[in-house]
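Trainee: Here you go, work_2.txt (compact mmCIF, N, CA and C atoms):
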# COMPACT_ATOMS: atom_id res chain seq x y z
N ASP A 219 10.73 -32.95 9.15
CA ASP A 219 11.32 -33.66 10.28
C ASP A 219 11.74 -32.67 11.36
N MET A 220 11.75 -33.15 12.57
CA MET A 220 11.97 -32.28 13.74
C MET A 220 13.35 -31.64 13.75
N ARG A 221 14.37 -32.35 13.27
CA ARG A 221 15.72 -31.77 13.26
C ARG A 221 15.79 -30.57 12.33
N ARG A 222 15.11 -30.63 11.20
CA ARG A 222 15.09 -29.51 10.26
C ARG A 222 14.37 -28.31 10.88
N ILE A 223 13.26 -28.55 11.53
CA ILE A 223 12.51 -27.46 12.18
C ILE A 223 13.39 -26.80 13.23
N ARG A 224 14.04 -27.59 14.08
CA ARG A 224 14.91 -27.03 15.11
C ARG A 224 16.06 -26.26 14.48
N SER A 225 16.64 -26.79 13.40
CA SER A 225 17.73 -26.11 12.71
C SER A 225 17.25 -24.79 12.11
N ASP A 226 16.07 -24.80 11.49
CA ASP A 226 15.52 -23.58 10.91
C ASP A 226 15.26 -22.54 11.98
N PHE A 227 14.73 -22.98 13.13
CA PHE A 227 14.44 -22.06 14.22
C PHE A 227 15.72 -21.43 14.76
N LYS A 228 16.75 -22.24 14.95
CA LYS A 228 18.01 -21.71 15.48
C LYS A 228 18.67 -20.75 14.51
N SER A 229 18.55 -20.99 13.21
CA SER A 229 19.19 -20.11 12.24
C SER A 229 18.30 -18.94 11.86
N LYS A 230 17.11 -18.86 12.46
CA LYS A 230 16.15 -17.79 12.18
C LYS A 230 15.73 -17.78 10.72
N GLN A 231 15.57 -18.97 10.13
CA GLN A 231 15.08 -19.04 8.77
C GLN A 231 13.56 -19.00 8.79
N ILE A 232 13.00 -18.32 7.83
CA ILE A 232 11.56 -18.37 7.62
C ILE A 232 11.36 -19.02 6.27
N GLY A 233 10.85 -20.25 6.27
CA GLY A 233 10.77 -21.00 5.03
C GLY A 233 12.18 -21.25 4.52
N SER A 234 12.44 -20.85 3.29
CA SER A 234 13.77 -21.05 2.74
C SER A 234 14.55 -19.74 2.68
N ILE A 235 14.00 -18.67 3.25
CA ILE A 235 14.68 -17.37 3.21
C ILE A 235 15.50 -17.19 4.48
N GLU A 236 16.79 -17.08 4.33
CA GLU A 236 17.69 -16.87 5.47
C GLU A 236 17.64 -15.40 5.88
N THR A 237 17.37 -15.15 7.15
CA THR A 237 17.39 -13.77 7.62
C THR A 237 18.79 -13.45 8.10
N CYS A 238 19.13 -12.18 8.13
CA CYS A 238 20.50 -11.82 8.50
C CYS A 238 20.54 -11.10 9.83
N ARG A 239 21.58 -11.35 10.59
CA ARG A 239 21.73 -10.74 11.90
C ARG A 239 22.06 -9.26 11.81
N SER A 240 22.68 -8.81 10.72
CA SER A 240 23.08 -7.42 10.60
C SER A 240 21.94 -6.53 10.08
N CYS A 241 20.82 -7.14 9.67
CA CYS A 241 19.69 -6.37 9.16
C CYS A 241 18.93 -5.74 10.32
N VAL A 242 18.40 -4.55 10.09
CA VAL A 242 17.59 -3.91 11.12
C VAL A 242 16.23 -4.59 11.19
N TRP A 243 15.62 -4.86 10.06
CA TRP A 243 14.32 -5.53 10.00
C TRP A 243 14.49 -6.87 9.31
N THR A 244 14.11 -7.93 9.98
CA THR A 244 14.10 -9.26 9.39
C THR A 244 12.65 -9.72 9.30
N GLY A 245 12.45 -10.88 8.72
CA GLY A 245 11.10 -11.44 8.69
C GLY A 245 10.54 -11.62 10.09
N TRP A 246 11.41 -12.04 11.01
CA TRP A 246 10.97 -12.21 12.40
C TRP A 246 10.59 -10.88 13.02
N SER A 247 11.35 -9.83 12.74
CA SER A 247 11.04 -8.51 13.29
C SER A 247 9.66 -8.05 12.82
N LEU A 248 9.37 -8.29 11.54
CA LEU A 248 8.08 -7.89 11.01
C LEU A 248 6.93 -8.65 11.66
N THR A 249 7.14 -9.95 11.93
CA THR A 249 6.07 -10.71 12.60
C THR A 249 5.90 -10.25 14.04
N HIS A 250 7.01 -9.93 14.72
CA HIS A 250 6.91 -9.40 16.08
C HIS A 250 6.15 -8.08 16.07
N PHE A 251 6.53 -7.18 15.17
CA PHE A 251 5.89 -5.87 15.08
C PHE A 251 4.39 -6.02 14.82
N GLY A 252 4.04 -6.86 13.86
CA GLY A 252 2.63 -7.06 13.52
C GLY A 252 1.83 -7.64 14.67
N MET A 253 2.38 -8.62 15.36
CA MET A 253 1.66 -9.22 16.47
C MET A 253 1.43 -8.21 17.59
N TYR A 254 2.47 -7.43 17.93
CA TYR A 254 2.32 -6.46 19.00
C TYR A 254 1.47 -5.28 18.58
N LEU A 255 1.45 -4.95 17.29
CA LEU A 255 0.55 -3.91 16.79
C LEU A 255 -0.89 -4.35 17.02
N LEU A 256 -1.20 -5.61 16.71
CA LEU A 256 -2.55 -6.13 16.94
C LEU A 256 -2.89 -6.18 18.43
N LEU A 257 -1.92 -6.58 19.25
CA LEU A 257 -2.17 -6.58 20.70
C LEU A 257 -2.48 -5.17 21.20
N GLY A 258 -1.72 -4.19 20.73
CA GLY A 258 -1.97 -2.80 21.12
C GLY A 258 -3.29 -2.30 20.61
N LEU A 259 -3.68 -2.72 19.43
CA LEU A 259 -4.93 -2.29 18.82
C LEU A 259 -6.14 -2.85 19.56
N PHE A 260 -6.09 -4.13 19.90
CA PHE A 260 -7.25 -4.78 20.51
C PHE A 260 -7.19 -4.87 22.04
N CYS A 261 -6.00 -4.72 22.63
CA CYS A 261 -5.85 -4.84 24.09
C CYS A 261 -4.94 -3.71 24.61
N PRO A 262 -5.29 -2.45 24.37
CA PRO A 262 -4.37 -1.36 24.71
C PRO A 262 -4.09 -1.20 26.20
N SER A 263 -4.94 -1.73 27.04
CA SER A 263 -4.71 -1.57 28.49
C SER A 263 -3.76 -2.62 29.07
N TYR A 264 -3.26 -3.52 28.23
CA TYR A 264 -2.39 -4.59 28.70
C TYR A 264 -0.91 -4.36 28.37
N PHE A 265 -0.47 -3.12 28.32
CA PHE A 265 0.91 -2.83 27.95
C PHE A 265 1.92 -3.55 28.83
N TRP A 266 1.80 -3.40 30.15
CA TRP A 266 2.81 -3.97 31.04
C TRP A 266 2.81 -5.50 31.00
N LEU A 267 1.64 -6.09 30.87
CA LEU A 267 1.58 -7.55 30.77
C LEU A 267 2.29 -8.04 29.51
N THR A 268 2.02 -7.39 28.38
CA THR A 268 2.66 -7.82 27.13
C THR A 268 4.15 -7.48 27.15
N PHE A 269 4.54 -6.37 27.74
CA PHE A 269 5.95 -5.99 27.79
C PHE A 269 6.74 -7.00 28.62
N ILE A 270 6.24 -7.31 29.82
CA ILE A 270 6.95 -8.25 30.70
C ILE A 270 6.98 -9.65 30.10
N THR A 271 5.85 -10.10 29.54
CA THR A 271 5.80 -11.42 28.92
C THR A 271 6.79 -11.48 27.75
N GLY A 272 6.83 -10.44 26.93
CA GLY A 272 7.76 -10.40 25.79
C GLY A 272 9.21 -10.40 26.24
N ALA A 273 9.52 -9.64 27.30
CA ALA A 273 10.89 -9.58 27.80
C ALA A 273 11.32 -10.93 28.37
N VAL A 274 10.43 -11.59 29.10
CA VAL A 274 10.75 -12.92 29.65
C VAL A 274 10.97 -13.91 28.50
N TRP A 275 10.14 -13.82 27.47
CA TRP A 275 10.31 -14.72 26.33
C TRP A 275 11.65 -14.49 25.64
N GLU A 276 12.04 -13.24 25.50
CA GLU A 276 13.35 -12.94 24.89
C GLU A 276 14.50 -13.50 25.72
N ILE A 277 14.36 -13.47 27.02
CA ILE A 277 15.38 -14.07 27.90
C ILE A 277 15.44 -15.59 27.66
N CYS A 278 14.28 -16.22 27.49
CA CYS A 278 14.24 -17.66 27.21
C CYS A 278 14.90 -17.97 25.87
N GLU A 279 14.79 -17.06 24.90
CA GLU A 279 15.40 -17.29 23.59
C GLU A 279 16.92 -17.35 23.66
N ILE A 280 17.52 -16.81 24.70
CA ILE A 280 18.98 -16.88 24.85
C ILE A 280 19.42 -18.35 24.88
N ASN A 281 18.63 -19.20 25.53
CA ASN A 281 18.96 -20.63 25.61
C ASN A 281 18.99 -21.29 24.24
N TYR A 282 18.18 -20.80 23.31
CA TYR A 282 18.13 -21.37 21.95
C TYR A 282 19.04 -20.63 20.98
N GLN A 283 19.77 -19.66 21.49
CA GLN A 283 20.71 -18.85 20.71
C GLN A 283 20.03 -18.14 19.54
N VAL A 284 18.79 -17.67 19.77
CA VAL A 284 18.07 -16.91 18.76
C VAL A 284 17.69 -15.53 19.28
N PHE A 285 18.33 -15.11 20.35
CA PHE A 285 18.03 -13.83 20.97
C PHE A 285 18.42 -12.69 20.03
N ASP A 286 17.53 -11.74 19.88
CA ASP A 286 17.79 -10.54 19.09
C ASP A 286 17.47 -9.35 19.98
N SER A 287 18.47 -8.55 20.27
CA SER A 287 18.31 -7.45 21.23
C SER A 287 17.32 -6.40 20.76
N THR A 288 17.01 -6.35 19.47
CA THR A 288 16.07 -5.34 18.99
C THR A 288 14.61 -5.78 19.12
N ASP A 289 14.37 -7.05 19.46
CA ASP A 289 13.00 -7.55 19.55
C ASP A 289 12.16 -6.79 20.58
N VAL A 290 12.72 -6.51 21.73
CA VAL A 290 11.96 -5.82 22.78
C VAL A 290 11.56 -4.43 22.29
N VAL A 291 12.48 -3.75 21.61
CA VAL A 291 12.17 -2.41 21.07
C VAL A 291 11.11 -2.52 19.98
N THR A 292 11.26 -3.50 19.10
CA THR A 292 10.29 -3.70 18.02
C THR A 292 8.91 -4.01 18.59
N ASN A 293 8.85 -4.89 19.59
CA ASN A 293 7.58 -5.25 20.22
C ASN A 293 6.93 -4.02 20.85
N THR A 294 7.72 -3.23 21.57
CA THR A 294 7.19 -2.06 22.25
C THR A 294 6.67 -1.04 21.25
N CYS A 295 7.42 -0.80 20.19
CA CYS A 295 6.97 0.15 19.16
C CYS A 295 5.67 -0.32 18.52
N GLY A 296 5.59 -1.60 18.20
CA GLY A 296 4.36 -2.14 17.63
C GLY A 296 3.17 -1.95 18.55
N PHE A 297 3.36 -2.22 19.83
CA PHE A 297 2.28 -2.09 20.80
C PHE A 297 1.84 -0.63 20.93
N ILE A 298 2.80 0.29 21.02
CA ILE A 298 2.47 1.71 21.19
C ILE A 298 1.71 2.23 19.97
N ILE A 299 2.16 1.85 18.77
CA ILE A 299 1.47 2.30 17.56
C ILE A 299 0.06 1.70 17.51
N GLY A 300 -0.07 0.42 17.82
CA GLY A 300 -1.39 -0.21 17.87
C GLY A 300 -2.30 0.44 18.89
N SER A 301 -1.75 0.76 20.05
CA SER A 301 -2.53 1.42 21.10
C SER A 301 -3.00 2.81 20.64
N PHE A 302 -2.11 3.53 19.97
CA PHE A 302 -2.49 4.85 19.42
C PHE A 302 -3.59 4.70 18.38
N LEU A 303 -3.46 3.72 17.51
CA LEU A 303 -4.49 3.49 16.48
C LEU A 303 -5.83 3.10 17.10
N SER A 304 -5.79 2.37 18.23
CA SER A 304 -7.05 1.97 18.87
C SER A 304 -7.83 3.18 19.37
N LYS A 305 -7.16 4.26 19.68
CA LYS A 305 -7.83 5.49 20.12
C LYS A 305 -8.46 6.23 18.96
N LEU A 306 -7.94 6.02 17.75
CA LEU A 306 -8.49 6.67 16.56
C LEU A 306 -9.75 5.98 16.05
N PHE A 307 -9.90 4.68 16.33
CA PHE A 307 -11.02 3.93 15.80
C PHE A 307 -11.99 3.59 16.87
Please rewrite the model in this file as structure tokens.
Mentor:
Amino acid sequence: DMRRIRSDFKSKQIGSIETCRSCVWTGWSLTHFGMYLLLGLFCPSYFWLTFITGAVWEICEINYQVFDSTDVVTNTCGFIIGSFLSKLF
């Protein structure tokens, strides 16, 4: 039901596993890192587009009270590592 999905999203639950705000890496952080790693790997020339889009999205998350200040750093690190790996392959 939609109320449960909205509740899970606001509490940053992934499935039935509650993530914690005091953790450095949460399930959400890992998904952010992985997605941006893939973006960096396959689209290394789009750094500024992905950075600005990610930052705007994080600002939008403030309205849903799910903003995590480390997301922008996690996204950027994932993209840079993916971009570096794209040069190796």
Trainee: Report, in Å to a single decimal, how far apart CA of Phe265 (chain A) and CA of Thr244 (chain A) are.
Mentor: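 Separation of CA of Thr244 (chain A) and CA of Phe265 (chain A): 23.7 Å.
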Trainee: Quick one: of A:Gly245, A:Leu306, A:Asp286, A:Asn293, who's nearest to Thr271 (chain A), counting only C-alpha atoms?
Mentor: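 Using only C-alpha atoms, Thr271 (chain A) sits closest to A:Asn293.
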Trainee: Between CA of Leu255 (chain A) and atom C of Gly300 (chain A), measure the distance and give it in Å to one decimal.
Mentor: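 That distance, rounded to one decimal, is 5.6 Å.
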Trainee: Restricting the calculation to only C-alpha atoms, which member of A:Cys278, A:Val284, A:Leu256, A:Leu267 is positioned closest to Ile298 (chain A)?
Mentor: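 Nearest to Ile298 (chain A): A:Leu256.
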Trainee: Tell me which of A:Gly258, A:Thr288, A:Trp243, A:Trp266 sits closest to Phe302 (chain A), counting all atoms listed in the file.
Mentor: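 Looking at the shortest contact to Phe302 (chain A), the residue is A:Gly258.
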Trainee: Using Å and a single decimal, report how far CA of Ile277 (chain A) sits from atom N of Leu259 (chain A).
Mentor: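 These atoms are spaced 23.7 Å apart.
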Trainee: Which residue, A:Gly296, A:Phe285, A:Cys261, A:Phe307, has the smallest gap to Ala273 (chain A) when you use only C-alpha atoms?
Mentor: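 The closest residue to Ala273 (chain A) is A:Phe285.
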Trainee: Which residues, written as a VMD selection string, have at least one atom at most 7 Å from Thr292 (chain A), with all atoms listed in the file counted and residues fewer than 4 positions away on the same chain left out?
Mentor: chain A and resid 247 250 to 251 287 to 288 296 to 297
